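**Q** The following block contains the structure, expressed as structure tokens.
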Amino acid sequence: MPATLFEKYGGFGSVSRIVMTFYDKVLDSEEIGDFFDDVDMTRLIDHQTKFISYLLGGPVSYSEERLRRTHATLDLKNEDFDEVARLLRETLVEHKFDPADIKSVMSAIEARRSAILSTGAT
Ligand code: HEM
């Protein structure tokens, strides 16, 4: 038994492939694609790979404060969050995550909704 989901699903190499699939979907989305028009995607994929690796129990840390800060100026709505979460779930299904693991990743994402939607610095 691997000790973490990070190991179970193949470490940084697979997480970075998962994150690339995820952003293909995000950029194609009619609802939220425009948010990423001026974003340096190489840098974003790198940071998102760290965040997801952290979430899966990998050897890297990523603070809630950073998540809050990077989204604070975007004026995000619940529907935007729902769309990103939907695309992430779809990505995990395509990458053959077990249903129970998808559930635990998605509840860890849900637990960060208020940080991501927050508009004020704390
Ligand atoms: C669903 C939960 C979400 C998670 C877990 C998440 C995670 C992240 C992470 C880890 C970064 C990299 C920040 C960094 O360290 O530089 C990031 C950046 C970003 N996110 Fe999110 N995000 C979420 C929701 C959203 C939503 C709903 C939108 C807009 C529709 C969004 C738009 C962006 C943009 C535009 C950036 C780039 C900011 C920049 O570099 O200027 N995110 N996100």
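Note on naming: chains are A, B, ... as they come in the structure tokens, residues start from 1 per chain, ligands start from 1 in the order shown.
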Per residue of chain A within 8 Å of ligand 1, which atom pair is closest and at what distance in Å (one decimal), using only C-alpha atoms and all ligand atoms, listed by chain and increasing number, as a tab-separated table?
**A**
residue	atom	partner	partner_atom_place_in_ligand_line	distance
A:Glu31	CA	ligand 1	30 (C)	7.9
A:Ile32	CA	ligand 1	30 (C)	4.8
A:Gly33	CA	ligand 1	30 (C)	7.3
A:Phe35	CA	ligand 1	35 (C)	5.0
A:Phe36	CA	ligand 1	35 (C)	4.8
A:Val39	CA	ligand 1	41 (O)	5.9
A:Asp40	CA	ligand 1	40 (O)	6.9
A:Arg43	CA	ligand 1	16 (O)	7.4
A:Leu44	CA	ligand 1	12 (C)	5.3
A:Ile45	CA	ligand 1	12 (C)	7.6
A:Asp46	CA	ligand 1	12 (C)	8.0
A:His47	CA	ligand 1	12 (C)	4.8
A:Gln48	CA	ligand 1	10 (C)	4.1
A:Thr49	CA	ligand 1	10 (C)	7.5
A:Lys50	CA	ligand 1	10 (C)	7.2
A:Phe51	CA	ligand 1	10 (C)	4.9
A:Ile52	CA	ligand 1	10 (C)	7.4
A:Tyr62	CA	ligand 1	15 (O)	8.0
A:Arg66	CA	ligand 1	15 (O)	6.3
A:Leu67	CA	ligand 1	13 (C)	6.1
A:Thr70	CA	ligand 1	13 (C)	5.4
A:His71	CA	ligand 1	20 (N)	6.1
A:Leu74	CA	ligand 1	35 (C)	7.0
A:Leu76	CA	ligand 1	27 (C)	6.1
A:Lys77	CA	ligand 1	27 (C)	7.3
A:Asn78	CA	ligand 1	27 (C)	7.7
A:Glu79	CA	ligand 1	27 (C)	7.7
A:Asp80	CA	ligand 1	27 (C)	4.3
A:Phe81	CA	ligand 1	27 (C)	3.7
A:Asp82	CA	ligand 1	1 (C)	6.8
A:Glu83	CA	ligand 1	27 (C)	6.8
A:Val84	CA	ligand 1	1 (C)	4.8
A:Ala85	CA	ligand 1	1 (C)	4.7
A:Leu88	CA	ligand 1	1 (C)	7.9
A:Ile109	CA	ligand 1	5 (C)	5.7
A:Glu110	CA	ligand 1	1 (C)	7.4
A:Arg112	CA	ligand 1	2 (C)	7.0
A:Arg113	CA	ligand 1	2 (C)	6.6
A:Ile116	CA	ligand 1	24 (C)	6.3
A:Leu117	CA	ligand 1	27 (C)	7.8
**Q** Near A:Thr21, counting only C-alpha atoms, which residues have an atom at most 12 Å away, once you skip same-chain residues fewer than 3 positions from it, shown as a list in words?
**A**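 These residues fall inside the cut-off: Ser14, Val15, Ser16, Arg17, Ile18, Asp24, Lys25, Val26, Leu27, Asp28, Ile45, Gln48, Thr49, Leu87, Leu88, Arg89, Glu90, Thr91, Leu92, Val93, Glu94 and His95 of chain A.
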**Q** Would you put the residues from that selection into a file with N, CA and C atoms, as a compact mmCIF listing (two decimals), in the first residue's frame?
**A**
# COMPACT_ATOMS: atom_id res chain seq x y z
N SER A 14 3.23 12.37 -12.82
CA SER A 14 1.81 12.22 -13.15
C SER A 14 1.00 13.42 -12.71
N VAL A 15 1.35 14.00 -11.56
CA VAL A 15 0.57 15.17 -11.14
C VAL A 15 0.72 16.27 -12.18
N SER A 16 1.92 16.45 -12.72
CA SER A 16 2.04 17.54 -13.68
C SER A 16 1.28 17.23 -14.98
N ARG A 17 1.18 15.97 -15.37
CA ARG A 17 0.33 15.62 -16.53
C ARG A 17 -1.15 15.88 -16.23
N ILE A 18 -1.55 15.54 -15.01
CA ILE A 18 -2.94 15.78 -14.60
C ILE A 18 -3.24 17.28 -14.66
N ASP A 24 -5.96 22.46 -19.88
CA ASP A 24 -6.54 22.41 -21.23
C ASP A 24 -8.05 22.63 -21.15
N LYS A 25 -8.65 21.97 -20.16
CA LYS A 25 -10.11 22.08 -19.99
C LYS A 25 -10.48 23.49 -19.52
N VAL A 26 -9.70 24.01 -18.57
CA VAL A 26 -10.00 25.34 -18.04
C VAL A 26 -9.94 26.39 -19.17
N LEU A 27 -8.90 26.31 -20.00
CA LEU A 27 -8.76 27.31 -21.07
C LEU A 27 -9.86 27.18 -22.11
N ASP A 28 -10.37 25.96 -22.29
CA ASP A 28 -11.46 25.72 -23.25
C ASP A 28 -12.83 26.12 -22.71
N ILE A 45 1.09 26.30 -14.14
CA ILE A 45 1.09 24.83 -14.09
C ILE A 45 2.09 24.34 -13.04
N GLN A 48 0.45 25.07 -9.63
CA GLN A 48 -0.70 24.19 -9.40
C GLN A 48 -0.22 22.75 -9.15
N THR A 49 0.85 22.35 -9.82
CA THR A 49 1.42 21.01 -9.59
C THR A 49 1.88 20.90 -8.14
N LEU A 87 -14.25 20.70 -13.49
CA LEU A 87 -13.23 20.33 -14.46
C LEU A 87 -12.11 19.51 -13.80
N LEU A 88 -11.83 19.82 -12.55
CA LEU A 88 -10.82 19.02 -11.85
C LEU A 88 -11.32 17.60 -11.63
N ARG A 89 -12.57 17.48 -11.21
CA ARG A 89 -13.15 16.15 -11.01
C ARG A 89 -13.11 15.34 -12.31
N GLU A 90 -13.52 15.98 -13.40
CA GLU A 90 -13.52 15.32 -14.71
C GLU A 90 -12.10 14.84 -15.07
N THR A 91 -11.12 15.68 -14.76
CA THR A 91 -9.72 15.33 -15.05
C THR A 91 -9.29 14.10 -14.24
N LEU A 92 -9.67 14.06 -12.97
CA LEU A 92 -9.28 12.93 -12.12
C LEU A 92 -9.93 11.64 -12.60
N VAL A 93 -11.18 11.74 -13.06
CA VAL A 93 -11.87 10.56 -13.61
C VAL A 93 -11.08 10.07 -14.83
N GLU A 94 -10.72 11.00 -15.72
CA GLU A 94 -10.00 10.61 -16.94
C GLU A 94 -8.63 10.00 -16.62
N HIS A 95 -8.04 10.45 -15.52
CA HIS A 95 -6.73 9.90 -15.13
C HIS A 95 -6.88 8.68 -14.22
**Q** Let me make sure I understand: among A:Phe97, A:Val105, A:Arg68, A:Ser61, which one has the smallest atom-to-atom distance to A:Lys8 if we use only C-alpha atoms?
**A**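 Closest candidate: A:Phe97.
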**Q** Pick out the residues sitting within 7 Å of A:Thr119, and hand them over as a ChimeraX atom specification; count only C-alpha atoms, and ignore anything fewer than 3 positions along from it in its own chain.
**A** /A:72-73,75
**Q** Which distance in Å separates atom CA of A:Glu64 and atom CA of A:Ser107, to one decimal?
**A**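 Atom CA of A:Ser107 lies 15.0 Å from atom CA of A:Glu64.
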**Q** DSSP on the backbone: which residues in stretch 38-116 of chain A end up as alpha helix (DSSP H)? Give the answer as a PyMOL selection string.
**A** chain A and resi 41-55+64-71+78-94+99-110+113-116
**Q** Counting only C-alpha atoms, which residue out of A:Asp38, A:Tyr9, A:Lys96, A:Glu65 sits closest to A:Ser114?
**A**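 Nearest to A:Ser114: A:Glu65.
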**Q** In Å, rounded to a single decimal, give me how far atom CA of A:Lys103 is from atom CA of A:Met20.
**A** 20.7 Å
